[in-house]
>>> print(open('upload-v3.pdb').read())   # PDB, C-alpha atoms (C1' of nucleotides)
ATOM      1  CA  MET A  20      -3.868  -2.454  -0.463
ATOM      2  CA  PRO A  21      -5.726  -2.239  -3.731
ATOM      3  CA  GLU A  22      -3.654  -2.129  -6.881
ATOM      4  CA  LEU A  23      -4.713  -1.644 -10.495
ATOM      5  CA  PRO A  24      -6.797  -4.859 -10.785
ATOM      6  CA  GLU A  25      -8.537  -4.304  -7.450
ATOM      7  CA  VAL A  26      -9.345  -0.675  -8.316
ATOM      8  CA  GLU A  27     -10.560  -1.684 -11.783
ATOM      9  CA  THR A  28     -12.819  -4.280 -10.152
ATOM     10  CA  ALA A  29     -14.241  -1.618  -7.845
ATOM     11  CA  VAL A  30     -14.846   0.813 -10.727
ATOM     12  CA  ARG A  31     -16.745  -1.805 -12.727
ATOM     13  CA  ALA A  32     -18.897  -2.722  -9.731
ATOM     14  CA  LEU A  33     -19.734   0.883  -8.848
ATOM     15  CA  ARG A  34     -20.891   2.035 -12.288
ATOM     16  CA  GLY A  35     -24.257   0.283 -12.091
ATOM     17  CA  PRO A  36     -25.410   1.661  -8.752
ATOM     18  CA  LEU A  37     -23.866   5.123  -9.153
ATOM     19  CA  ILE A  38     -24.042   6.399 -12.728
ATOM     20  CA  GLY A  39     -27.007   8.713 -13.102
ATOM     21  CA  ARG A  40     -27.391   9.173  -9.347
ATOM     22  CA  THR A  41     -27.224  12.617  -7.793
ATOM     23  CA  ILE A  42     -25.146  13.182  -4.669
ATOM     24  CA  THR A  43     -27.291  14.975  -2.109
ATOM     25  CA  GLY A  44     -24.847  15.356   0.771
ATOM     26  CA  VAL A  45     -21.523  14.375   2.313
ATOM     27  CA  ARG A  46     -20.735  13.244   5.853
ATOM     28  CA  ASN A  47     -17.185  13.120   7.186
ATOM     29  CA  ASP A  48     -15.751  12.358  10.623
ATOM     30  CA  TRP A  49     -12.052  12.535   9.741
ATOM     31  CA  PRO A  50     -11.295  15.810   7.937
ATOM     32  CA  ARG A  51      -7.873  14.686   6.722
ATOM     33  CA  HIS A  52      -9.612  12.056   4.617
ATOM     34  CA  ILE A  53     -10.444  14.925   2.277
ATOM     35  CA  ASN A  54      -7.266  16.218   0.684
ATOM     36  CA  VAL A  55      -8.770  19.077  -1.290
ATOM     37  CA  PRO A  56     -10.772  21.303  -1.035
ATOM     38  CA  PRO A  57     -11.617  21.905   2.658
ATOM     39  CA  PRO A  58     -14.511  19.594   3.702
ATOM     40  CA  ASP A  59     -17.102  22.390   3.840
ATOM     41  CA  GLU A  60     -16.273  23.518   0.326
ATOM     42  CA  LEU A  61     -16.289  19.935  -0.958
ATOM     43  CA  ARG A  62     -19.715  19.387   0.570
ATOM     44  CA  ALA A  63     -21.079  22.520  -1.097
ATOM     45  CA  ARG A  64     -19.592  21.759  -4.505
ATOM     46  CA  VAL A  65     -20.615  18.088  -4.564
ATOM     47  CA  ALA A  66     -24.220  18.449  -3.381
ATOM     48  CA  GLY A  67     -26.597  18.409  -6.340
ATOM     49  CA  ARG A  68     -24.023  17.030  -8.783
ATOM     50  CA  ARG A  69     -24.864  13.938 -10.842
ATOM     51  CA  VAL A  70     -22.429  11.045 -11.402
ATOM     52  CA  GLU A  71     -21.839  10.926 -15.156
ATOM     53  CA  ALA A  72     -18.921   8.479 -15.465
ATOM     54  CA  ILE A  73     -16.591   6.367 -13.336
ATOM     55  CA  ASP A  74     -13.114   5.509 -14.573
ATOM     56  CA  ARG A  75      -9.748   4.397 -13.266
ATOM     57  CA  ARG A  76      -6.328   5.970 -13.683
ATOM     58  CA  GLY A  77      -3.522   4.026 -12.007
ATOM     59  CA  LYS A  78      -4.837   3.254  -8.544
ATOM     60  CA  TYR A  79      -7.221   6.240  -8.496
ATOM     61  CA  LEU A  80     -10.977   6.069  -8.982
ATOM     62  CA  VAL A  81     -12.209   9.017 -11.049
ATOM     63  CA  PHE A  82     -15.856  10.084 -10.748
ATOM     64  CA  THR A  83     -16.857  12.580 -13.425
ATOM     65  CA  LEU A  84     -19.665  14.722 -12.011
ATOM     66  CA  SER A  85     -21.948  17.232 -13.679
ATOM     67  CA  ASP A  86     -20.980  20.916 -13.817
ATOM     68  CA  ASP A  87     -17.274  20.319 -14.455
ATOM     69  CA  GLU A  88     -16.514  18.691 -11.115
ATOM     70  CA  THR A  89     -14.332  15.585 -10.736
ATOM     71  CA  LEU A  90     -14.262  13.523  -7.568
ATOM     72  CA  ILE A  91     -11.129  11.401  -7.191
ATOM     73  CA  VAL A  92     -10.558   8.690  -4.576
ATOM     74  CA  HIS A  93      -7.372   6.811  -3.653
ATOM     75  CA  LEU A  94      -7.932   3.745  -1.461
ATOM     76  CA  LYS A  95      -4.289   3.461  -0.290
ATOM     77  CA  MET A  96      -3.876   0.452   2.036
ATOM     78  CA  THR A  97      -7.280  -0.355   3.524
ATOM     79  CA  GLY A  98      -9.778   1.761   1.620
ATOM     80  CA  HIS A  99     -13.033   0.202   0.413
ATOM     81  CA  LEU A 100     -16.025   1.666  -1.411
ATOM     82  CA  SER A 101     -19.540   0.275  -1.290
ATOM     83  CA  VAL A 102     -23.079   1.443  -2.051
ATOM     84  CA  VAL A 103     -25.589   0.486   0.616
ATOM     85  CA  SER A 104     -29.036   1.530   1.776
ATOM     86  CA  ALA A 105     -28.857   4.560   4.050
ATOM     87  CA  ASP A 106     -30.504   2.568   6.839
ATOM     88  CA  THR A 107     -27.669   0.019   6.903
ATOM     89  CA  PRO A 108     -26.141   0.103  10.416
ATOM     90  CA  PRO A 109     -23.407   2.738  10.628
ATOM     91  CA  ASP A 110     -19.821   1.631  10.038
ATOM     92  CA  PRO A 111     -17.345   3.292  12.429
ATOM     93  CA  TYR A 112     -14.655   3.039   9.757
ATOM     94  CA  ALA A 113     -16.707   4.739   7.031
ATOM     95  CA  HIS A 114     -15.042   8.122   7.518
ATOM     96  CA  THR A 115     -16.465   9.741   4.379
ATOM     97  CA  VAL A 116     -19.987   9.015   3.136
ATOM     98  CA  PHE A 117     -21.717  10.408   0.015
ATOM     99  CA  GLU A 118     -25.513  10.470   0.330
ATOM    100  CA  LEU A 119     -27.454   9.650  -2.843
ATOM    101  CA  ASP A 120     -30.850  10.617  -4.205
ATOM    102  CA  ASP A 121     -32.194   7.041  -4.186
ATOM    103  CA  GLY A 122     -32.036   6.410  -0.453
ATOM    104  CA  ARG A 123     -28.623   4.807  -0.650
ATOM    105  CA  GLU A 124     -25.124   6.061   0.104
ATOM    106  CA  LEU A 125     -21.553   5.554  -1.132
ATOM    107  CA  ARG A 126     -19.425   4.656   1.878
ATOM    108  CA  PHE A 127     -15.661   5.118   1.902
ATOM    109  CA  ARG A 128     -14.536   2.712   4.597
ATOM    110  CA  ASP A 129     -10.882   3.084   5.590
ATOM    111  CA  PRO A 130      -9.646   1.705   8.944
ATOM    112  CA  ARG A 131      -6.073   2.998   8.568
ATOM    113  CA  LYS A 132      -7.170   6.409   7.309
ATOM    114  CA  PHE A 133      -4.493   6.541   4.594
ATOM    115  CA  GLY A 134      -7.018   6.966   1.784
ATOM    116  CA  ARG A 135      -7.784  10.356   0.274
ATOM    117  CA  VAL A 136     -10.615  12.172  -1.498
ATOM    118  CA  TYR A 137     -10.058  15.027  -3.965
ATOM    119  CA  LEU A 138     -12.532  17.300  -5.720
ATOM    120  CA  VAL A 139     -11.075  19.218  -8.631
ATOM    121  CA  HIS A 140     -12.111  20.886 -11.878
ATOM    122  CA  ASP A 141      -9.050  19.554 -13.706
ATOM    123  CA  PRO A 142      -8.226  15.872 -13.021
ATOM    124  CA  ALA A 143      -4.626  16.541 -14.106
ATOM    125  CA  ASP A 144      -4.137  18.426 -10.845
ATOM    126  CA  VAL A 145      -4.117  15.001  -9.169
ATOM    127  CA  LEU A 146      -3.327  12.552 -11.972
ATOM    128  CA  GLY A 147      -0.758  14.600 -13.862
ATOM    129  CA  PRO A 148       2.411  12.987 -12.460
ATOM    130  CA  LEU A 149       1.292   9.425 -13.237
ATOM    131  CA  GLY A 150       3.171   7.312 -15.751
ATOM    132  CA  PRO A 151       1.433   5.409 -18.573
ATOM    133  CA  GLU A 152      -1.389   2.923 -18.116
ATOM    134  CA  PRO A 153       0.206  -0.527 -18.485
ATOM    135  CA  LEU A 154      -2.862  -2.003 -20.191
ATOM    136  CA  ALA A 155      -3.546   0.891 -22.563
ATOM    137  CA  GLY A 156      -3.223   0.086 -26.248
ATOM    138  CA  GLU A 157      -0.539   2.685 -26.828
ATOM    139  CA  PHE A 158       1.731   1.226 -24.154
ATOM    140  CA  SER A 159       4.100  -1.017 -26.118
ATOM    141  CA  ALA A 160       7.252  -2.984 -25.365
ATOM    142  CA  GLU A 161       9.090  -0.196 -27.198
ATOM    143  CA  ALA A 162       7.546   2.393 -24.899
ATOM    144  CA  LEU A 163       8.684   0.363 -21.885
ATOM    145  CA  ALA A 164      12.187   0.074 -23.313
ATOM    146  CA  GLU A 165      12.299   3.805 -23.907
ATOM    147  CA  ARG A 166      11.254   4.570 -20.337
ATOM    148  CA  LEU A 167      13.698   2.021 -18.921
ATOM    149  CA  ALA A 168      16.535   3.594 -20.888
ATOM    150  CA  ARG A 169      16.007   6.864 -19.054
ATOM    151  CA  ARG A 170      16.287   5.296 -15.581
ATOM    152  CA  ARG A 171      19.042   3.618 -13.597
ATOM    153  CA  ARG A 172      17.244   1.938 -10.760
ATOM    154  CA  VAL A 173      16.634  -1.382  -9.033
ATOM    155  CA  LEU A 174      13.725  -3.055 -10.842
ATOM    156  CA  LYS A 175      11.352  -3.682  -7.932
ATOM    157  CA  PRO A 176      11.246  -0.099  -6.590
ATOM    158  CA  LEU A 177      11.066   1.164 -10.177
ATOM    159  CA  LEU A 178       7.922  -0.882 -10.875
ATOM    160  CA  LEU A 179       6.357   0.566  -7.715
ATOM    161  CA  ASP A 180       7.130   4.125  -8.854
ATOM    162  CA  GLN A 181       3.776   5.473 -10.063
ATOM    163  CA  THR A 182       5.474   8.065 -12.265
ATOM    164  CA  PHE A 183       7.198   5.230 -14.137
ATOM    165  CA  LEU A 184       4.089   3.087 -14.649
ATOM    166  CA  ALA A 185       0.691   3.696 -13.075
ATOM    167  CA  GLY A 186      -1.104   1.046 -11.074
ATOM    168  CA  ILE A 187       1.452  -1.626 -10.175
ATOM    169  CA  GLY A 188       1.774  -2.362  -6.446
ATOM    170  CA  ASN A 189       3.596  -4.873  -4.298
ATOM    171  CA  ILE A 190       1.690  -8.006  -5.351
ATOM    172  CA  TYR A 191       1.768  -7.449  -9.092
ATOM    173  CA  ALA A 192       5.367  -6.186  -9.083
ATOM    174  CA  ASP A 193       6.557  -9.427  -7.487
ATOM    175  CA  GLU A 194       4.327 -11.511  -9.734
ATOM    176  CA  ALA A 195       5.441  -9.721 -12.915
ATOM    177  CA  LEU A 196       9.129 -10.102 -12.043
ATOM    178  CA  PHE A 197       8.640 -13.823 -11.410
ATOM    179  CA  ASP A 198       6.775 -14.256 -14.669
ATOM    180  CA  ALA A 199       9.569 -12.407 -16.496
ATOM    181  CA  ARG A 200      12.180 -14.498 -14.631
ATOM    182  CA  LEU A 201      13.947 -11.348 -13.470
ATOM    183  CA  GLN A 202      15.538 -10.824 -10.042
ATOM    184  CA  PRO A 203      13.869  -7.947  -8.163
ATOM    185  CA  THR A 204      17.359  -6.582  -7.455
ATOM    186  CA  ARG A 205      18.326  -6.330 -11.132
ATOM    187  CA  ARG A 206      19.120  -2.815 -12.263
ATOM    188  CA  SER A 207      16.944  -1.416 -15.001
ATOM    189  CA  GLU A 208      19.860  -0.436 -17.234
ATOM    190  CA  THR A 209      21.156  -4.030 -17.406
ATOM    191  CA  LEU A 210      18.123  -5.544 -19.144
ATOM    192  CA  THR A 211      18.540  -7.032 -22.600
ATOM    193  CA  ALA A 212      15.942  -6.453 -25.309
ATOM    194  CA  GLU A 213      14.620  -9.971 -24.706
ATOM    195  CA  GLU A 214      14.303  -9.332 -20.966
ATOM    196  CA  ILE A 215      12.441  -6.066 -21.576
ATOM    197  CA  ALA A 216      10.045  -7.889 -23.878
ATOM    198  CA  ALA A 217       9.519 -10.557 -21.218
ATOM    199  CA  LEU A 218       8.866  -7.910 -18.566
ATOM    200  CA  TYR A 219       6.385  -6.130 -20.814
ATOM    201  CA  THR A 220       4.499  -9.353 -21.472
ATOM    202  CA  ALA A 221       4.606 -10.305 -17.790
ATOM    203  CA  ILE A 222       3.190  -6.971 -16.610
ATOM    204  CA  GLN A 223       0.274  -7.202 -19.011
ATOM    205  CA  LYS A 224      -0.319 -10.860 -18.182
ATOM    206  CA  VAL A 225      -0.436 -10.533 -14.390
ATOM    207  CA  LEU A 226      -2.549  -7.359 -14.430
ATOM    208  CA  ALA A 227      -5.031  -8.841 -16.900
ATOM    209  CA  LEU A 228      -5.250 -12.004 -14.807
ATOM    210  CA  GLY A 229      -5.803  -9.916 -11.676
ATOM    211  CA  ILE A 230      -8.718  -8.140 -13.351
ATOM    212  CA  ALA A 231     -10.143 -11.413 -14.690
ATOM    213  CA  ARG A 232     -10.008 -12.849 -11.162
ATOM    214  CA  GLU A 233     -11.477  -9.625  -9.698
ATOM    215  CA  GLY A 234      -8.545  -8.905  -7.414
ATOM    216  CA  ALA A 235      -6.444 -10.678  -4.802
ATOM    217  CA  SER A 236      -8.089 -11.179  -1.400
ATOM    218  CA  ILE A 237      -4.871 -11.957   0.462
ATOM    219  CA  SER A 238      -5.333  -9.607   3.378
ATOM    220  CA  THR A 239      -8.352  -7.351   3.749
ATOM    221  CA  TYR A 240      -9.357  -6.683   0.151
ATOM    222  CA  VAL A 241     -12.903  -7.530  -0.878
ATOM    223  CA  LYS A 242     -14.974  -6.348  -3.813
ATOM    224  CA  PRO A 243     -17.560  -3.558  -3.302
ATOM    225  CA  ASP A 244     -20.204  -6.252  -2.648
ATOM    226  CA  GLY A 245     -18.089  -7.723   0.150
ATOM    227  CA  GLN A 246     -17.189 -10.891  -1.757
ATOM    228  CA  LYS A 247     -13.575 -12.028  -2.138
ATOM    229  CA  GLY A 248     -11.700 -11.945  -5.412
ATOM    230  CA  GLU A 249      -9.940 -15.025  -6.794
ATOM    231  CA  MET A 250      -6.457 -13.772  -7.703
ATOM    232  CA  GLN A 251      -4.997 -15.034  -4.408
ATOM    233  CA  ASN A 252      -5.340 -18.529  -5.886
ATOM    234  CA  GLU A 253      -3.147 -17.618  -8.848
ATOM    235  CA  VAL A 254      -0.234 -16.038  -6.994
ATOM    236  CA  MET A 255       3.165 -17.583  -7.760
ATOM    237  CA  VAL A 256       5.444 -15.864  -5.225
ATOM    238  CA  PHE A 257       3.680 -13.123  -3.250
ATOM    239  CA  ARG A 258       3.752 -13.984   0.486
ATOM    240  CA  ARG A 259       4.812 -17.546  -0.309
ATOM    241  CA  THR A 260       8.059 -17.248   1.686
ATOM    242  CA  GLY A 261       9.552 -20.688   2.343
ATOM    243  CA  GLN A 262       7.029 -22.461   0.152
ATOM    244  CA  SER A 263       8.001 -24.350  -2.985
ATOM    245  CA  CYS A 264       8.378 -22.537  -6.274
ATOM    246  CA  TYR A 265       5.749 -23.838  -8.682
ATOM    247  CA  ASN A 266       8.374 -23.832 -11.430
ATOM    248  CA  CYS A 267      11.487 -25.406  -9.855
ATOM    249  CA  GLY A 268      10.382 -26.616  -6.423
ATOM    250  CA  GLY A 269      12.950 -24.532  -4.555
ATOM    251  CA  PRO A 270      12.010 -22.268  -1.658
ATOM    252  CA  ILE A 271      10.575 -18.808  -2.291
ATOM    253  CA  GLU A 272      12.628 -16.145  -0.520
ATOM    254  CA  ARG A 273      11.649 -12.847   1.079
ATOM    255  CA  ILE A 274      13.868  -9.777   1.076
ATOM    256  CA  VAL A 275      13.156  -6.096   1.701
ATOM    257  CA  LEU A 276      13.650  -3.650  -1.176
ATOM    258  CA  GLY A 277      12.722  -0.014  -0.962
ATOM    259  CA  GLY A 278      11.178  -0.783   2.402
ATOM    260  CA  ARG A 279       8.744  -3.273   0.895
ATOM    261  CA  SER A 280       8.480  -7.049   1.290
ATOM    262  CA  THR A 281       9.705  -8.690  -1.879
ATOM    263  CA  HIS A 282       9.146 -12.339  -2.751
ATOM    264  CA  TYR A 283      10.988 -14.230  -5.464
ATOM    265  CA  CYS A 284      12.578 -17.492  -6.530
ATOM    266  CA  PRO A 285      16.376 -17.091  -6.461
ATOM    267  CA  ASN A 286      16.722 -20.139  -8.699
ATOM    268  CA  CYS A 287      14.284 -19.139 -11.445
ATOM    269  CA  GLN A 288      14.802 -15.371 -11.500
ATOM    270  CA  LYS A 289      18.063 -14.048 -12.964
TER
ATOM    271  C1'  DA B  11      18.976  10.946  -9.755
ATOM    272  C1'  DC B  12      18.545   7.656  -6.393
ATOM    273  C1'  DC B  13      18.369   5.464  -1.765
ATOM    274  C1'  DG B  14      17.079   4.716   2.981
ATOM    275  C1'  DG B  15      14.407   5.947   6.856
ATOM    276  C1'  DA B  16      10.568   8.114   9.231
ATOM    277  C1'  DG B  17       5.871   9.208   9.251
ATOM    278  C1'  DC B  18       0.925   8.688   8.510
ATOM    279  C1'  DC B  19      -2.891   5.029  11.140
ATOM    280  C1'  DT B  20      -4.981   0.856  13.102
ATOM    281  C1'  DG B  21      -5.967  -3.990  12.793
ATOM    282  C1'  DT B  22      -4.054  -8.593  12.261
ATOM    283  C1'  DT B  23      -0.597 -12.034  12.568
ATOM    284  C1'  DA B  24       3.707 -14.300  14.018
ATOM    285  C1'  DG B  25       6.546 -15.556  17.578
ATOM    286  C1'  DC B  26       8.064 -16.231  22.253
TER
ATOM    287  C1'  DT C  24      -3.443 -18.713  26.205
ATOM    288  C1'  DG C  25      -1.504 -14.096  26.425
ATOM    289  C1'  DC C  26       1.471 -10.440  25.415
ATOM    290  C1'  DT C  27       4.438  -8.005  22.280
ATOM    291  C1'  DA C  28       6.548  -6.962  18.171
ATOM    292  C1'  DA C  29       6.396  -7.159  13.503
ATOM    293  C1'  DC C  30       3.818  -6.570   9.596
ATOM    294  C1'  DA C  31       0.349  -4.694   6.167
ATOM    295  C1'  DG C  32      -1.439  -4.638  -1.199
ATOM    296  C1'  DG C  33       0.557   3.113  -0.484
ATOM    297  C1'  DC C  34       2.791   7.158  -0.763
ATOM    298  C1'  DT C  35       5.236  11.555   0.788
ATOM    299  C1'  DC C  36       8.887  14.054   2.817
ATOM    300  C1'  DC C  37      13.587  14.621   4.266
ATOM    301  C1'  DG C  38      18.552  14.214   4.386
ATOM    302  C1'  DG C  39      22.700  12.237   2.380
TER
END
>>> encode(input="upload-v3.pdb", output="structure tokens")
Amino acid sequence: MPELPEVETAVRALRGPLIGRTITGVRNDWPRHINVPPPDELRARVAGRRVEAIDRRGKYLVFTLSDDETLIVHLKMTGHLSVVSADTPPDPYAHTVFELDDGRELRFRDPRKFGRVYLVHDPADVLGPLGPEPLAGEFSAEALAERLARRRRVLKPLLLDQTFLAGIGNIYADEALFDARLQPTRRSETLTAEEIAALYTAIQKVLALGIAREGASISTYVKPDGQKGEMQNEVMVFRRTGQSCYNCGGPIERIVLGGRSTHYCPNCQK
DNA sequence: ACCGGAGCCTGTTAGC
DNA sequence: TGCTAACAGGCTCCGG
């Protein structure tokens, strides 16, 4: 469920309680939650390591540990990270738990079990295939145009392709396309220079707004402290099927593209 | 290169 | 109200 703004919100909230802490142990009741290495090896390599930095790349959380170890977490659909006292009642959905040296623990709650944990020496082993960060300074409208020129794809699935751009998911793809006034079914090679500029601006705008509002609590997403974000109040089309477009008053439509629900205004988006 | 469909999981929601 | 089917903010693999 979490996309770039939700993951960024989690990263910012976790730095305070985690940076400087030492991980003393790992519990796991669903081995497939740990992608690499095998759970026993991960436990051995993580124990005694200190959390030195927490960053985000696309939808991944990246924990830089001491001794050249990097812990990477992807929340997928229902993942949630929180730091709580170790005597907090156990959570049956917290399939992977990192015990800390201050009597607290980092819980990776994940009812659908799609999330994954990685421990690597080289973060590129996991993050290598990702496309550019949409909010990074070096990502320009020209860079977007250049990447678009190399693809011939329907816009919506292209925006969801993490090797094209990192971090956009279903909410922010629909919202960016509405803001750019582009039909989700438009093909990437048909965009004019003006439309590419509008898409570039729209992507930056909706992602920045999502971060400012600390994520969209439309389904199950909550911040690490359990509180809801505010981005759900700013959504123009996502899951507004049948409701009135805030721009023209016409009904928002829902179609399926690339197997994903897609919401748009057929009147405003061309 | 790109597209559609199945699969991974389980909880919630929509519809009859 | 109750049951069932559809749906879910992600991503990978496979065949065409």
>>> resolve_selection(input="upload-v3.pdb", expression="the PyMOL selection byres ((chain A and resi 154-159) around 9)", output="PyMOL selection string")
chain A and resi 151-153+160-164+219+222-223+226-227
>>> resolve_selection(input="upload-v3.pdb", expression="the PyMOL selection byres ((chain C) within 10 of (chain A))", output="PyMOL selection string")
chain C and resi 30-34
>>> interface_residues(input="upload-v3.pdb", of="chain B", to="chain A", cutoff="8 Å", atoms="all atoms listed in the file", output="PyMOL selection string")
chain B and resi 12-14+18-21
>>> atom_distance(input="upload-v3.pdb", atom1="CA of Ala113 (chain A)", atom2="CA of Arg135 (chain A)")
12.5 Å
>>> atom_distance(input="upload-v3.pdb", atom1="CA of Cys264 (chain A)", atom2="CA of Met250 (chain A)")
17.3 Å
>>> atom_distance(input="upload-v3.pdb", atom1="CA of Leu90 (chain A)", atom2="CA of Pro142 (chain A)")
8.5 Å
>>> residues_around(input="upload-v3.pdb", residues="Ala72 (chain A)", least_positions_apart="3", cutoff="8 Å", atoms="all atoms listed in the file", output="PyMOL selection string")
chain A and resi 34+38+82-84
>>> residues_around(input="upload-v3.pdb", residues="DC26 (chain C)", least_positions_apart="2", cutoff="12 Å", atoms="all atoms listed in the file", output="count of residues only")
4
